[in-house]
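Here is the structure we will look at.
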Amino acid sequence: MFNIDMESIDLEKTYDLIVLGGGPAAIGCAIYAARFAMDVLVVGKTFGGLIATTHIVENYPAITSTSGQGLMDMFKDHMDSLNIPYISDEIRSIEKIDDHFELNSFFQKFKAHTVCIATGSERRKLGIPGEEEFAGRGVSYCATCDGPFYNNKIVCVIGGSDSAAKEALFLAQNAKKVYIIYRGEEIRAEPINKERVYSNDKIEVIYNTNVVEIKGDNSVNSVIFDNGNKFEIEGVFIEIGSTPNSDLAKRIGVKTNEKGEIIINRKSETNIPGIYAAGDVADAPFKQAITGVAEGVIAAYSAFDYFKGMNIEY
Amino acid sequence: MSQDDKYREIIKREMAKLKKPVNLKVFTSQKVQPGGTKIRACMDCGEFMALLRVYEENSNGMLTIEELSIDDNPEFVKKFDITRVPTIIFIDNNGRELIRYLAAPKRGEIQPFIQAIFTFAGAPNYYEATIKQNLDRIPPSTIKVMMTETCPYCPQVIAISNSFAIASEGKIRTIIIDIMANPDIGQYYDAAGVPYTIINDQKTLVGMVGPNEILRALIGGNIHVQY
């Protein structure tokens, strides 16, 4: 999907809709737009988005169990069946010119009548000493990517969410021991995953504890807790939520809330006519692949409605 | 259909679209058995070559996989500094190495490998215009991309890096390294996370990076662009 088939991309054309992003919300939006017979193009930095790094997805209706990558492969097949082009790139500016938007990256310039921002989010950083220094050398944000480096090693997952629990369960398949280090009193995983964590002999939860420093030499060898204790560990997986990728939206005047999430209404409209948003970058309180897809689908319908109102022959 | 069957179908479907000839050199090692017959000596080479033959056999004769034994081709080994097998290299018409694979192009790595073959054969390259505009600011460079089979983002970084190399008129070379098959390289760079991208052995980009970050790291400054 990250293959760029230039034969299917017309850089001179004004697209009916350009979708920014590569996760479920973006692809859901593009699939519906294509079915509305709109000329649609998807431009994303990361095909698959954050969910591609999830080792197991069991809450996407009609799919009992798959991996995040497996789910995105199905999205990809669906996109391919509709000949929706995808470009691996990042848009850095959007400008309204007459009846269309002009979108610029460092590599190309695009035109579109409507835009859906579904740029997702990225892993939140702890912001503690050692985190940046040991990134890729013992500090990781993706168990699916980096788990194989820690076979028979002792690792920790920092965080108490459902994602943190799933990361720990994945790592426990091959690691010697997995500690979940959480600042709260009870992990917030879905009950089914919480039960799996508690019944896994390799996983131990350390509550009411913050990690304040990551230490090592060539790679990580320990973390320091807020009570001053040193804890020997070989891998640190950070899973403390995410921050929305809304910098571009802010630069062009799209309204965001105090968390930096794009404010949308029930039609996935932003404050700028013709610009829509969906998925993790938007302000829904409960963010899931399925809710992102729904917002993307609604964005496609709203864009279609707006586009029809422009009375442009297509 | 199993996952392996699905991947095989992708190779068949995509390689059938190749319209221009491409030659790839693959270095393996051989040993002579009693009686004089030669067999491959490297442990992974048999499976590796069988995979590459699937690409070749489905290309309507457009892709040629040229297997070279390091024992019988010392001049090539010296010229291209082949230090491990199996190794695939893409060499342009001027004899310059553009892309080196120390990794098997299977599973998720199929698509960037096919994209590299097609772009190498002359298919339009999305990044070409900007790379050429900035070429005088890019020093001769090597991009090393360390990957694993399970990494969902690695194929995307590899596809971008390969496209940059093909557009760069020989200034950029990429080396794709399966860190599990080549653990010594990972240890040398202390890499325990992928994708792990190293520019000229000086700058390290950890995790998913897009074309902007890679180009900025190559230039060491801002990207110039004129549409």
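Residues in the structure tokens are numbered from 1 in each chain, the chains being A, B, ... in the order shown, and ligands are numbered from 1 in the order shown.
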
Which polymer residues have any atom within 9 Å of an atom of B:Ile82, counting only C-alpha atoms, with same-chain residues fewer than 4 positions away left out, as a PyMOL selection string? chain B and resi 27+70+76-78+87

Let me see the file: selected residues, N, CA and C atoms, as a PDB file, in the first residue's frame.
ATOM      1  N   PHE B  27      24.830 -12.622  -4.252  1.00  0.00           N
ATOM      2  CA  PHE B  27      26.048 -13.321  -3.872  1.00  0.00           C
ATOM      3  C   PHE B  27      25.732 -14.415  -2.860  1.00  0.00           C
ATOM      4  N   ILE B  70      30.760 -16.247  -4.186  1.00  0.00           N
ATOM      5  CA  ILE B  70      31.877 -15.378  -3.773  1.00  0.00           C
ATOM      6  C   ILE B  70      33.215 -16.068  -4.025  1.00  0.00           C
ATOM      7  N   PHE B  76      34.372  -9.319  -8.288  1.00  0.00           N
ATOM      8  CA  PHE B  76      33.111  -8.680  -7.871  1.00  0.00           C
ATOM      9  C   PHE B  76      33.087  -8.492  -6.353  1.00  0.00           C
ATOM     10  N   VAL B  77      33.526  -9.524  -5.669  1.00  0.00           N
ATOM     11  CA  VAL B  77      33.531  -9.478  -4.200  1.00  0.00           C
ATOM     12  C   VAL B  77      34.359  -8.295  -3.721  1.00  0.00           C
ATOM     13  N   LYS B  78      35.498  -8.110  -4.374  1.00  0.00           N
ATOM     14  CA  LYS B  78      36.378  -7.005  -3.994  1.00  0.00           C
ATOM     15  C   LYS B  78      35.765  -5.670  -4.397  1.00  0.00           C
ATOM     16  N   THR B  87      23.643 -11.809  -0.271  1.00  0.00           N
ATOM     17  CA  THR B  87      23.530 -10.356  -0.455  1.00  0.00           C
ATOM     18  C   THR B  87      22.957 -10.081  -1.836  1.00  0.00           C
TER      19      THR B  87
END

Give me, as a tab-separated table, each residue of chain B that comes within 7 Å of chain A, together with its shortest interatomic pair and the distance in Å at one decimal, counting only C-alpha atoms, with rows ordered by chain and rising residue number.
residue	atom	partner	partner_atom	distance
B:Gln111	CA	A:Asn3	CA	6.7
B:Pro112	CA	A:Asn3	CA	6.7
B:Gln115	CA	A:Asn3	CA	6.2
B:Pro124	CA	A:Met6	CA	6.0
B:Tyr126	CA	A:Met6	CA	6.9
B:Tyr127	CA	A:Phe107	CA	6.0
B:Thr130	CA	A:Phe107	CA	5.6
B:Thr150	CA	A:Cys145	CA	6.0
B:Cys151	CA	A:Cys145	CA	4.3
B:Pro152	CA	A:Ala52	CA	6.3
B:Gln156	CA	A:Phe2	CA	6.1
B:Asp190	CA	A:Arg137	CA	5.9
B:Ala191	CA	A:Arg137	CA	5.3
B:Ala192	CA	A:Arg137	CA	4.8
B:Gly193	CA	A:Gly136	CA	4.3
B:Val194	CA	A:Cys145	CA	6.2
B:Val206	CA	A:Gly136	CA	5.9
B:Gly210	CA	A:Lys45	CA	5.7
B:Pro211	CA	A:Asp89	CA	6.5
B:Val225	CA	A:Phe106	CA	6.2
B:Tyr227	CA	A:Gln108	CA	7.0

Close residues, B:Glu169 itself excluded, 10 Å, only C-alpha atoms, min 3 positions apart in chain, as JSON, numbers by chain: {"B": [92, 94, 96, 98, 131, 132, 135, 164, 165, 166, 172, 173]}

How would the residues just chosen look if you wrote them out with C-alpha atoms as a PDB file, in the first residue's frame?
ATOM      1  CA  ASP B  92      22.928   0.930 -12.211  1.00  0.00           C
ATOM      2  CA  ASN B  94      27.158   3.160 -14.658  1.00  0.00           C
ATOM      3  CA  ARG B  96      27.225   2.082  -9.209  1.00  0.00           C
ATOM      4  CA  LEU B  98      22.352   1.789  -5.375  1.00  0.00           C
ATOM      5  CA  ILE B 131      15.849  14.713  -4.562  1.00  0.00           C
ATOM      6  CA  LYS B 132      17.283  16.123  -7.776  1.00  0.00           C
ATOM      7  CA  LEU B 135      21.232  16.806  -4.980  1.00  0.00           C
ATOM      8  CA  PHE B 164      15.765   8.147  -2.716  1.00  0.00           C
ATOM      9  CA  ALA B 165      18.735   6.009  -3.772  1.00  0.00           C
ATOM     10  CA  ILE B 166      17.325   5.340  -7.231  1.00  0.00           C
ATOM     11  CA  ILE B 172      22.813   7.785  -2.094  1.00  0.00           C
ATOM     12  CA  ARG B 173      23.140   4.082  -1.391  1.00  0.00           C
TER      13      ARG B 173
END

All strand (DSSP E or B) positions in stretch 87-186 of chain B, as an MDAnalysis selection string: chainID B and resid 87:91 97:102 141:147 172:178

Prev. selection, N, CA and C atoms, output as a PDB file, in the first residue's frame:
ATOM      1  N   THR B  87      23.643 -11.809  -0.271  1.00  0.00           N
ATOM      2  CA  THR B  87      23.530 -10.356  -0.455  1.00  0.00           C
ATOM      3  C   THR B  87      22.957 -10.081  -1.836  1.00  0.00           C
ATOM      4  N   ILE B  88      21.948  -9.229  -1.913  1.00  0.00           N
ATOM      5  CA  ILE B  88      21.408  -8.792  -3.214  1.00  0.00           C
ATOM      6  C   ILE B  88      21.912  -7.383  -3.462  1.00  0.00           C
ATOM      7  N   ILE B  89      22.352  -7.093  -4.682  1.00  0.00           N
ATOM      8  CA  ILE B  89      22.674  -5.693  -4.987  1.00  0.00           C
ATOM      9  C   ILE B  89      22.040  -5.238  -6.306  1.00  0.00           C
ATOM     10  N   PHE B  90      21.590  -3.986  -6.285  1.00  0.00           N
ATOM     11  CA  PHE B  90      21.076  -3.291  -7.470  1.00  0.00           C
ATOM     12  C   PHE B  90      22.221  -2.418  -7.986  1.00  0.00           C
ATOM     13  N   ILE B  91      22.664  -2.673  -9.214  1.00  0.00           N
ATOM     14  CA  ILE B  91      23.766  -1.891  -9.792  1.00  0.00           C
ATOM     15  C   ILE B  91      23.227  -1.153 -11.010  1.00  0.00           C
ATOM     16  N   GLU B  97      26.586   0.857  -7.240  1.00  0.00           N
ATOM     17  CA  GLU B  97      25.632   0.132  -6.386  1.00  0.00           C
ATOM     18  C   GLU B  97      24.662   1.129  -5.755  1.00  0.00           C
ATOM     19  N   LEU B  98      23.359   0.890  -5.936  1.00  0.00           N
ATOM     20  CA  LEU B  98      22.352   1.789  -5.375  1.00  0.00           C
ATOM     21  C   LEU B  98      21.701   1.203  -4.120  1.00  0.00           C
ATOM     22  N   ILE B  99      21.414  -0.099  -4.186  1.00  0.00           N
ATOM     23  CA  ILE B  99      20.684  -0.733  -3.082  1.00  0.00           C
ATOM     24  C   ILE B  99      21.326  -2.071  -2.774  1.00  0.00           C
ATOM     25  N   ARG B 100      21.466  -2.362  -1.486  1.00  0.00           N
ATOM     26  CA  ARG B 100      21.974  -3.665  -1.048  1.00  0.00           C
ATOM     27  C   ARG B 100      20.987  -4.245  -0.038  1.00  0.00           C
ATOM     28  N   TYR B 101      20.651  -5.493  -0.230  1.00  0.00           N
ATOM     29  CA  TYR B 101      19.767  -6.183   0.712  1.00  0.00           C
ATOM     30  C   TYR B 101      20.540  -7.249   1.477  1.00  0.00           C
ATOM     31  N   LEU B 102      20.626  -7.071   2.778  1.00  0.00           N
ATOM     32  CA  LEU B 102      21.083  -8.149   3.658  1.00  0.00           C
ATOM     33  C   LEU B 102      19.837  -8.668   4.376  1.00  0.00           C
ATOM     34  N   SER B 141      26.225   9.488   0.282  1.00  0.00           N
ATOM     35  CA  SER B 141      25.607   9.011   1.526  1.00  0.00           C
ATOM     36  C   SER B 141      25.225   7.545   1.484  1.00  0.00           C
ATOM     37  N   THR B 142      25.236   6.945   2.656  1.00  0.00           N
ATOM     38  CA  THR B 142      24.709   5.584   2.821  1.00  0.00           C
ATOM     39  C   THR B 142      23.621   5.617   3.887  1.00  0.00           C
ATOM     40  N   ILE B 143      22.450   5.095   3.508  1.00  0.00           N
ATOM     41  CA  ILE B 143      21.350   4.957   4.468  1.00  0.00           C
ATOM     42  C   ILE B 143      21.262   3.481   4.840  1.00  0.00           C
ATOM     43  N   LYS B 144      21.461   3.179   6.109  1.00  0.00           N
ATOM     44  CA  LYS B 144      21.289   1.795   6.566  1.00  0.00           C
ATOM     45  C   LYS B 144      19.955   1.711   7.292  1.00  0.00           C
ATOM     46  N   VAL B 145      19.091   0.816   6.813  1.00  0.00           N
ATOM     47  CA  VAL B 145      17.786   0.628   7.464  1.00  0.00           C
ATOM     48  C   VAL B 145      17.762  -0.758   8.097  1.00  0.00           C
ATOM     49  N   MET B 146      17.701  -0.783   9.411  1.00  0.00           N
ATOM     50  CA  MET B 146      17.623  -2.069  10.115  1.00  0.00           C
ATOM     51  C   MET B 146      16.159  -2.413  10.359  1.00  0.00           C
ATOM     52  N   MET B 147      15.827  -3.655  10.049  1.00  0.00           N
ATOM     53  CA  MET B 147      14.428  -4.064  10.108  1.00  0.00           C
ATOM     54  C   MET B 147      14.294  -5.466  10.684  1.00  0.00           C
ATOM     55  N   ILE B 172      23.329   8.450  -3.301  1.00  0.00           N
ATOM     56  CA  ILE B 172      22.813   7.785  -2.094  1.00  0.00           C
ATOM     57  C   ILE B 172      22.781   6.284  -2.341  1.00  0.00           C
ATOM     58  N   ARG B 173      23.225   5.542  -1.337  1.00  0.00           N
ATOM     59  CA  ARG B 173      23.140   4.082  -1.391  1.00  0.00           C
ATOM     60  C   ARG B 173      22.371   3.632  -0.149  1.00  0.00           C
ATOM     61  N   THR B 174      21.469   2.669  -0.326  1.00  0.00           N
ATOM     62  CA  THR B 174      20.779   2.148   0.848  1.00  0.00           C
ATOM     63  C   THR B 174      21.222   0.711   1.111  1.00  0.00           C
ATOM     64  N   ILE B 175      21.276   0.377   2.380  1.00  0.00           N
ATOM     65  CA  ILE B 175      21.557  -1.007   2.777  1.00  0.00           C
ATOM     66  C   ILE B 175      20.433  -1.442   3.710  1.00  0.00           C
ATOM     67  N   ILE B 176      19.714  -2.470   3.303  1.00  0.00           N
ATOM     68  CA  ILE B 176      18.600  -2.983   4.097  1.00  0.00           C
ATOM     69  C   ILE B 176      19.113  -4.188   4.891  1.00  0.00           C
ATOM     70  N   ILE B 177      18.989  -4.100   6.189  1.00  0.00           N
ATOM     71  CA  ILE B 177      19.603  -5.115   7.052  1.00  0.00           C
ATOM     72  C   ILE B 177      18.552  -5.774   7.942  1.00  0.00           C
ATOM     73  N   ASP B 178      18.375  -7.073   7.755  1.00  0.00           N
ATOM     74  CA  ASP B 178      17.523  -7.838   8.683  1.00  0.00           C
ATOM     75  C   ASP B 178      18.355  -8.063   9.938  1.00  0.00           C
TER      76      ASP B 178
END

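Using only C-alpha atoms, the shortest contact distance between B:Thr197 and any of B:Glu14, B:Asp184, B:Glu57, B:Glu213 is found at B:Glu213.
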
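Residue nearest A:Ala294, chosen from A:Pro244, A:Pro85, A:Pro24, A:Gly127 and counting only C-alpha atoms: A:Pro24.
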
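Atom CA of B:Met62 to atom CA of B:Lys20 spans 5.9 Å [interatomic distance, one decimal].
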
Between atom CA of B:Ile199 and atom CA of B:Ile219, what is the spacing in Å? 10.3 Å

Using only C-alpha atoms for the distances, tell me which of B:Asp201, B:Asp72, B:Asp5, B:Glu128 is nearest to B:Leu215. B:Glu128

Neighbours of A:Ser81 within 12 Å (only C-alpha atoms; same-chain residues fewer than 5 positions away dropped), as a ChimeraX atom specification? /A:1,31,34-35,74-76

Preceding selection exported with C-alpha atoms as a PDB file, in the first residue's frame:
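Written file, selection13.pdb:
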ATOM      1  CA  MET A   1       0.000   0.000   0.000  1.00  0.00           C
ATOM      2  CA  ILE A  31     -13.359   3.842   0.977  1.00  0.00           C
ATOM      3  CA  ALA A  34     -14.649   6.164  -3.514  1.00  0.00           C
ATOM      4  CA  ARG A  35     -18.040   4.489  -3.234  1.00  0.00           C
ATOM      5  CA  MET A  74      -7.648  -6.016   5.168  1.00  0.00           C
ATOM      6  CA  PHE A  75      -8.112  -2.239   4.914  1.00  0.00           C
ATOM      7  CA  LYS A  76      -5.398  -2.223   2.256  1.00  0.00           C
TER       8      LYS A  76
END

Write out as a ChimeraX atom specification the residues lying within 10 Å of A:Tyr276, counting only C-alpha atoms and excluding same-chain residues fewer than 5 positions away. /A:19,114-118,254,262-265,267-271,282,295-296,298-300,302-303

Go ahead and write the residues just picked, N, CA and C atoms, as a tab-separated table (two decimals), in the first residue's frame.
chain	number	residue	atom	x	y	z
A	19	VAL	N	-7.54	12.82	1.62
A	19	VAL	CA	-7.56	12.37	3.01
A	19	VAL	C	-6.12	12.34	3.51
A	114	THR	N	-12.19	19.23	-1.15
A	114	THR	CA	-12.41	19.01	0.28
A	114	THR	C	-11.23	18.22	0.85
A	115	VAL	N	-11.04	18.33	2.18
A	115	VAL	CA	-9.91	17.68	2.85
A	115	VAL	C	-10.42	17.03	4.14
A	116	CYS	N	-9.98	15.83	4.40
A	116	CYS	CA	-10.26	15.20	5.70
A	116	CYS	C	-8.93	14.97	6.42
A	117	ILE	N	-8.81	15.57	7.59
A	117	ILE	CA	-7.58	15.40	8.39
A	117	ILE	C	-7.79	14.21	9.33
A	118	ALA	N	-7.06	13.15	9.07
A	118	ALA	CA	-7.14	11.95	9.91
A	118	ALA	C	-5.70	11.52	10.21
A	254	VAL	N	-7.65	25.58	11.97
A	254	VAL	CA	-8.66	24.63	12.45
A	254	VAL	C	-8.66	24.67	13.98
A	262	ILE	N	-8.63	18.11	17.35
A	262	ILE	CA	-9.47	18.92	16.46
A	262	ILE	C	-10.93	18.80	16.90
A	263	ILE	N	-11.57	19.95	17.04
A	263	ILE	CA	-12.98	19.95	17.46
A	263	ILE	C	-13.85	19.69	16.23
A	264	ILE	N	-14.65	18.60	16.32
A	264	ILE	CA	-15.57	18.29	15.22
A	264	ILE	C	-17.00	18.16	15.77
A	265	ASN	N	-17.96	18.31	14.85
A	265	ASN	CA	-19.35	18.08	15.25
A	265	ASN	C	-19.77	16.68	14.78
A	267	LYS	N	-21.13	15.78	12.25
A	267	LYS	CA	-20.93	15.55	10.81
A	267	LYS	C	-19.42	15.46	10.49
A	268	SER	N	-18.59	15.39	11.53
A	268	SER	CA	-17.13	15.39	11.37
A	268	SER	C	-16.63	16.67	10.74
A	269	GLU	N	-17.42	17.75	10.83
A	269	GLU	CA	-17.00	19.04	10.29
A	269	GLU	C	-16.11	19.76	11.29
A	270	THR	N	-15.11	20.48	10.77
A	270	THR	CA	-14.33	21.38	11.61
A	270	THR	C	-14.94	22.78	11.47
A	271	ASN	N	-14.26	23.77	12.03
A	271	ASN	CA	-14.76	25.14	11.90
A	271	ASN	C	-14.54	25.72	10.50
A	282	ALA	N	-9.08	13.80	16.33
A	282	ALA	CA	-10.30	14.54	16.66
A	282	ALA	C	-10.65	14.37	18.14
A	295	GLU	N	-16.14	7.99	12.26
A	295	GLU	CA	-15.97	9.43	12.02
A	295	GLU	C	-15.47	9.70	10.60
A	296	GLY	N	-14.59	8.83	10.12
A	296	GLY	CA	-14.08	8.98	8.76
A	296	GLY	C	-15.18	8.80	7.73
A	298	ILE	N	-18.37	9.28	8.20
A	298	ILE	CA	-19.26	10.45	8.27
A	298	ILE	C	-18.60	11.65	7.57
A	299	ALA	N	-17.29	11.78	7.74
A	299	ALA	CA	-16.56	12.87	7.05
A	299	ALA	C	-16.70	12.73	5.54
A	300	ALA	N	-16.61	11.50	5.04
A	300	ALA	CA	-16.75	11.28	3.60
A	300	ALA	C	-18.13	11.71	3.13
A	302	SER	N	-20.16	13.86	4.59
A	302	SER	CA	-20.28	15.33	4.69
A	302	SER	C	-19.53	16.02	3.56
A	303	ALA	N	-18.36	15.48	3.23
A	303	ALA	CA	-17.58	16.06	2.13
A	303	ALA	C	-18.34	15.90	0.81

Which neighbours of A:Leu41 fall inside 10 Å, counting only C-alpha atoms, when residues of the same chain fewer than 2 positions from it are skipped, and could you give them as a short mmCIF file (atom, residue, chain, number, x, y, z; two decimals) with N, CA and C atoms, in the first residue's frame?
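Written out: out.cif:
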data_model
loop_
_atom_site.label_atom_id
_atom_site.label_comp_id
_atom_site.auth_asym_id
_atom_site.auth_seq_id
_atom_site.Cartn_x
_atom_site.Cartn_y
_atom_site.Cartn_z
N SER A 8 -1.45 5.86 -11.28
CA SER A 8 -2.82 6.09 -10.82
C SER A 8 -2.99 7.47 -10.18
N ILE A 9 -1.95 8.29 -10.20
CA ILE A 9 -2.02 9.59 -9.54
C ILE A 9 -1.88 10.70 -10.58
N ASP A 10 -2.82 11.60 -10.58
CA ASP A 10 -2.79 12.73 -11.51
C ASP A 10 -2.54 13.99 -10.69
N TYR A 15 -8.58 17.01 -6.91
CA TYR A 15 -9.30 15.86 -6.33
C TYR A 15 -10.57 16.35 -5.63
N ASP A 16 -11.57 15.51 -5.63
CA ASP A 16 -12.80 15.84 -4.89
C ASP A 16 -12.50 15.84 -3.39
N LEU A 17 -11.67 14.88 -2.98
CA LEU A 17 -11.33 14.77 -1.55
C LEU A 17 -9.90 14.24 -1.42
N ILE A 18 -9.11 14.91 -0.59
CA ILE A 18 -7.81 14.36 -0.20
C ILE A 18 -7.88 14.05 1.28
N VAL A 19 -7.54 12.82 1.62
CA VAL A 19 -7.56 12.37 3.01
C VAL A 19 -6.12 12.34 3.51
N LEU A 20 -5.90 12.98 4.64
CA LEU A 20 -4.55 13.00 5.22
C LEU A 20 -4.49 11.99 6.36
N ALA A 30 -11.73 7.20 2.97
CA ALA A 30 -11.40 7.07 1.54
C ALA A 30 -12.29 6.02 0.86
N ALA A 33 -15.69 7.51 0.32
CA ALA A 33 -15.63 8.55 -0.71
C ALA A 33 -15.57 7.91 -2.10
N ALA A 34 -14.76 6.85 -2.22
CA ALA A 34 -14.65 6.16 -3.51
C ALA A 34 -16.00 5.58 -3.92
N MET A 38 -16.39 9.72 -5.68
CA MET A 38 -15.52 10.90 -5.60
C MET A 38 -14.10 10.51 -6.01
N ASP A 39 -13.39 11.45 -6.63
CA ASP A 39 -11.97 11.26 -6.90
C ASP A 39 -11.24 11.48 -5.59
N VAL A 43 -2.99 10.69 1.45
CA VAL A 43 -1.59 11.06 1.67
C VAL A 43 -1.30 10.86 3.15
N GLY A 44 -0.41 9.94 3.46
CA GLY A 44 -0.14 9.66 4.87
C GLY A 44 1.33 9.41 5.13
N ASN A 83 -9.23 0.82 -6.16
CA ASN A 83 -8.18 1.59 -6.85
C ASN A 83 -7.97 2.97 -6.22
N ILE A 84 -7.93 3.01 -4.91
CA ILE A 84 -7.68 4.28 -4.22
C ILE A 84 -6.17 4.47 -4.09
N PRO A 85 -5.62 5.55 -4.66
CA PRO A 85 -4.17 5.73 -4.57
C PRO A 85 -3.73 6.22 -3.19
N TYR A 86 -2.54 5.77 -2.78
CA TYR A 86 -1.95 6.17 -1.49
C TYR A 86 -0.54 6.69 -1.73
N ILE A 87 -0.21 7.80 -1.08
CA ILE A 87 1.13 8.37 -1.19
C ILE A 87 1.74 8.48 0.20
N PHE A 110 -0.70 19.46 -4.33
CA PHE A 110 -1.97 18.81 -4.69
C PHE A 110 -3.10 19.84 -4.61
N ALA A 112 -7.48 20.02 -4.04
CA ALA A 112 -8.67 19.25 -3.66
C ALA A 112 -9.80 20.19 -3.31
N VAL A 115 -11.04 18.33 2.18
CA VAL A 115 -9.91 17.68 2.85
C VAL A 115 -10.42 17.03 4.14
#

Could you check how far atom CA of A:Leu126 sits from atom CA of A:Ile214, in Å to one decimal? 10.4 Å

Select from stretch 63-187 of chain A everything DSSP, run on the backbone, classes as helix (DSSP H, G or I), then give the selection as a ChimeraX atom specification. /A:68-81,143-150,162-172

Please produce a file of those selected residues containing N, CA and C atoms, as a tab-separated table (two decimals), in the first residue's frame.
chain	number	residue	atom	x	y	z
A	68	GLY	N	-3.07	-6.06	14.65
A	68	GLY	CA	-3.28	-4.72	14.09
A	68	GLY	C	-2.82	-4.67	12.64
A	69	GLN	N	-1.69	-5.33	12.37
A	69	GLN	CA	-1.19	-5.36	10.99
A	69	GLN	C	-2.16	-6.14	10.10
A	70	GLY	N	-2.71	-7.22	10.65
A	70	GLY	CA	-3.68	-8.02	9.89
A	70	GLY	C	-4.91	-7.20	9.54
A	71	LEU	N	-5.37	-6.40	10.50
A	71	LEU	CA	-6.54	-5.56	10.25
A	71	LEU	C	-6.22	-4.55	9.14
A	72	MET	N	-5.04	-3.95	9.22
A	72	MET	CA	-4.70	-2.95	8.21
A	72	MET	C	-4.46	-3.58	6.84
A	73	ASP	N	-4.00	-4.83	6.82
A	73	ASP	CA	-3.88	-5.53	5.54
A	73	ASP	C	-5.25	-5.67	4.88
A	74	MET	N	-6.28	-5.91	5.72
A	74	MET	CA	-7.65	-6.02	5.17
A	74	MET	C	-8.12	-4.66	4.65
A	75	PHE	N	-7.80	-3.59	5.39
A	75	PHE	CA	-8.11	-2.24	4.91
A	75	PHE	C	-7.43	-1.99	3.57
A	76	LYS	N	-6.19	-2.42	3.48
A	76	LYS	CA	-5.40	-2.22	2.26
A	76	LYS	C	-6.04	-2.96	1.08
A	77	ASP	N	-6.43	-4.20	1.31
A	77	ASP	CA	-7.08	-4.97	0.24
A	77	ASP	C	-8.36	-4.28	-0.22
A	78	HIS	N	-9.09	-3.71	0.76
A	78	HIS	CA	-10.34	-3.02	0.41
A	78	HIS	C	-10.03	-1.77	-0.43
A	79	MET	N	-9.01	-1.04	-0.02
A	79	MET	CA	-8.59	0.14	-0.80
A	79	MET	C	-8.18	-0.23	-2.21
A	80	ASP	N	-7.38	-1.30	-2.29
A	80	ASP	CA	-6.89	-1.76	-3.61
A	80	ASP	C	-8.06	-2.13	-4.52
A	81	SER	N	-9.10	-2.75	-3.92
A	81	SER	CA	-10.23	-3.18	-4.74
A	81	SER	C	-10.97	-2.00	-5.35
A	143	ALA	N	5.87	-2.84	21.14
A	143	ALA	CA	6.25	-4.22	21.47
A	143	ALA	C	6.24	-5.12	20.24
A	144	THR	N	5.29	-4.89	19.34
A	144	THR	CA	5.23	-5.71	18.13
A	144	THR	C	6.50	-5.57	17.31
A	145	CYS	N	7.01	-4.32	17.23
A	145	CYS	CA	8.23	-4.08	16.45
A	145	CYS	C	9.45	-4.66	17.15
A	146	ASP	N	9.57	-4.40	18.45
A	146	ASP	CA	10.84	-4.61	19.13
A	146	ASP	C	10.84	-5.77	20.12
A	147	GLY	N	9.68	-6.39	20.32
A	147	GLY	CA	9.61	-7.51	21.26
A	147	GLY	C	10.65	-8.60	21.01
A	148	PRO	N	10.91	-8.96	19.74
A	148	PRO	CA	11.87	-10.04	19.49
A	148	PRO	C	13.27	-9.79	20.03
A	149	PHE	N	13.61	-8.52	20.31
A	149	PHE	CA	14.94	-8.24	20.85
A	149	PHE	C	15.05	-8.62	22.33
A	150	TYR	N	13.92	-8.93	22.94
A	150	TYR	CA	13.91	-9.11	24.40
A	150	TYR	C	13.51	-10.52	24.81
A	162	ASP	N	-5.41	-0.22	28.70
A	162	ASP	CA	-5.64	-1.49	28.01
A	162	ASP	C	-4.47	-1.78	27.05
A	163	SER	N	-3.98	-0.74	26.40
A	163	SER	CA	-2.85	-0.94	25.48
A	163	SER	C	-1.62	-1.42	26.24
A	164	ALA	N	-1.39	-0.86	27.42
A	164	ALA	CA	-0.24	-1.29	28.23
A	164	ALA	C	-0.38	-2.77	28.61
A	165	ALA	N	-1.59	-3.16	28.98
A	165	ALA	CA	-1.83	-4.56	29.34
A	165	ALA	C	-1.57	-5.48	28.15
A	166	LYS	N	-2.02	-5.06	26.97
A	166	LYS	CA	-1.82	-5.89	25.78
A	166	LYS	C	-0.34	-5.98	25.40
A	167	GLU	N	0.38	-4.86	25.57
A	167	GLU	CA	1.82	-4.89	25.30
A	167	GLU	C	2.49	-5.90	26.23
A	168	ALA	N	2.10	-5.87	27.51
A	168	ALA	CA	2.71	-6.77	28.49
A	168	ALA	C	2.40	-8.23	28.14
A	169	LEU	N	1.18	-8.48	27.74
A	169	LEU	CA	0.79	-9.86	27.38
A	169	LEU	C	1.58	-10.35	26.17
A	170	PHE	N	1.79	-9.46	25.21
A	170	PHE	CA	2.56	-9.83	24.02
A	170	PHE	C	4.02	-10.11	24.41
A	171	LEU	N	4.59	-9.23	25.20
A	171	LEU	CA	6.00	-9.40	25.59
A	171	LEU	C	6.20	-10.66	26.42
A	172	ALA	N	5.20	-10.99	27.24
A	172	ALA	CA	5.33	-12.15	28.13
A	172	ALA	C	5.43	-13.46	27.36

Do you know which residues are at most 9 Å from B:Ala217 counting only C-alpha atoms, after dropping those on the same chain fewer than 6 positions away, and could you put them as a PyMOL selection string? chain B and resi 199+203-205

Restricted to N, CA and C atoms, what would the selected residues look like written as a compact mmCIF listing (two decimals), in the first residue's frame?
# COMPACT_ATOMS: atom_id res chain seq x y z
N ILE B 199 22.20 7.28 9.06
CA ILE B 199 22.67 8.04 7.91
C ILE B 199 24.17 8.25 8.05
N LYS B 203 24.15 9.85 11.94
CA LYS B 203 22.86 10.23 12.50
C LYS B 203 21.97 9.00 12.59
N THR B 204 21.25 8.89 13.68
CA THR B 204 20.36 7.75 13.87
C THR B 204 18.92 8.23 13.98
N LEU B 205 18.04 7.63 13.20
CA LEU B 205 16.61 7.94 13.27
C LEU B 205 15.91 6.70 13.79
